[in-house]
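Working notes for the structure below.
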Amino acid sequence: MSGSQYRIVQRPRRLRRTAAIRELAAETRLHPADLIEPMFVVEGLDAPREIGSMPGVRQHTRASLQRAVHEAADAGVGAVMLFGTPAERDPMGSQAWNPDGVLANAVRWALEAEPQLPVIADVCLDEFTDHGHCGVLDADGEVDNDATLPLYARMSVTLAEAGATMLGPSGMMDGQIGVIREALDGAGFTGTALMAYSAKYASGFFGPFREAVDCRLTGDRRAYQQDPANAVEGLREIELDLAQGADIVMVKPALPYLDVLAKAVRIANVPVAAYVVSGEYAMIELAARAGAIDRERCIMEALTGVKRAGASMIVTYWATEAARRLAR
């Protein structure tokens with residue numbers, strides 16, 4: 001039967017006919033400045049080293065970090081986020097607040113390379129403790145929330161002194177944002193912003209990250225990271241962090257929690273970030289290597305989906321690559 005026998009008034013396909021029309025009618029737009037690139041620095045490394053479970057992502061030396069920071073800045077990326085792996089670890093994670101430690105030095109090196117590019121430093125102890133947990137342990141082997149908070153405060157002041165533009169407290173300790181904010185303000189760092197990892201779930205998608213930072217975790221983090229079954233709990237965490245002075249709140253991981261992200265955007269009066277984590281990255285990269293998907297198309301579709309759900313900014317290992325593609 002010929003289509004000419006029908007009078008179709010509404011034809012949504014009119015706005016999909018050509019690439020130019022699709023671009024004109026696009027509801028969601030990614031911009032290079034929306035993207036934040038995480039980078040890993042390893043103390044004592046003499047050459048950059050690819051992370052086996054994260055194809056294309058490397059652990060950095062000073063020189064390779066600075067090259068990567070230059071590339072990110074040239075591509076128009078909004079910021080870099082730094083993680084450090086020390087040569088020595090202990091139960092307290094004391095290298096985390098060493099002013100000459102790997103993470104403080106990484107902040108200085110990044111700023112030396114690109115003084116105008118915002119540098120976000122991770123605030124957590126998991127890379128620095130010999131047990132791999134995000135805080136110190138009590139006599140029963142459980143993470144001691146309140147004993148961990150002053151260590152986060154000490155680490156935060158050290159990183160602010162090193163020049164970090166922003167800190168990303170990611171340990172999911174109750175009260176961490178308020179304690180860190182008070183410590184920063186008391187030390188004169190009222191301008192250092194806080195990106196709170198507010199709705200951070202106990203996710204299986206974090207697996208490759210542990211290789212990236214050589215995490216020595218025993219057990220799991222379900223007692224302090226959030227239950228994947230819960231959305232209201234994530235919104236409560238966001239509200240608590242806002243009350244304690246967070247400048248940005250985050251949902252992590254991104255893709256399995258787009259519902260939480262969309263709800264967070266509705267209740268937050270600050271920018272909302274989302275972190276496309278290591279396992280999400282690895283799924284696309286490894287599927288593309290197997291020939292199962294179109295790599296570039298799926299990368300941009302994933303990032304656009306996170307933006308469409310409401311994220312103001314996206315932490316992603318594809319930041320520099322995606323920024324270059326967007327610029328083209």
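Chain lettering (A, B, ...) mirrors the order of the structure tokens, residue numbering begins at 1 for each chain separately, and ligand numbering begins at 1 in order of display.
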Would you tabulate, counting only C-alpha atoms, all residues of region 152-226 of chain A that have an atom at most 10 Å from an atom of region 32-47 of chain A, showing the closest pair of atoms and their distance in Å to one decimal, sorted by chain then ascending number, as a tab-separated table?
```
residue	atom	partner	partner_atom	distance
A:Phe209	CA	A:Phe40	CA	9.8
A:Ala212	CA	A:Phe40	CA	7.1
A:Val213	CA	A:Phe40	CA	7.1
A:Asp214	CA	A:Val42	CA	9.3
```
Practice prompt. Write out as a list in words each polymer residue whose atoms come within 10 Å of Glu161 (chain A), counting only C-alpha atoms; drop sequence neighbours fewer than 3 positions from it.
Written response: Pro99, Ala104, Val107, Arg108, Met155, Ser156, Val157, Thr158, Ala164, Leu184, Ala187, Gly188, Phe189 and Thr192 of chain A
Discussion item. Excluding region 281-283 of chain A and its own-chain neighbours fewer than 4 positions away, which residues fall within 8 Å of it when counting only C-alpha atoms? Please give them as a ChimeraX atom specification.
Written reply: /A:53-55,208,276-277,287,317
Go ahead and write the selection's residues with C-alpha atoms as a compact mmCIF listing (two decimals), in the first residue's frame.
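Now in out-v7.txt:
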```txt
# COMPACT_ATOMS: atom_id res chain seq x y z
CA SER A 53 42.63 -3.67 32.24
CA MET A 54 42.25 -0.10 30.91
CA PRO A 55 43.65 -0.07 27.36
CA PRO A 208 40.16 -1.83 36.86
CA VAL A 276 32.27 7.26 34.03
CA VAL A 277 34.41 4.79 35.93
CA ALA A 287 34.17 -4.77 23.30
CA TYR A 317 39.23 8.61 30.80
```
Worksheet item: What does the distance from CA of Thr28 (chain A) to CA of Ile299 (chain A) come to in Å, to one decimal?
Response: 15.3 Å
Worksheet item: Counting only C-alpha atoms, what is within 9 Å of Trp109 (chain A), bar same-chain residues fewer than 6 positions away, as a list in words?
Response: Arg62, Ala63, Leu65 and Gln66 of chain A
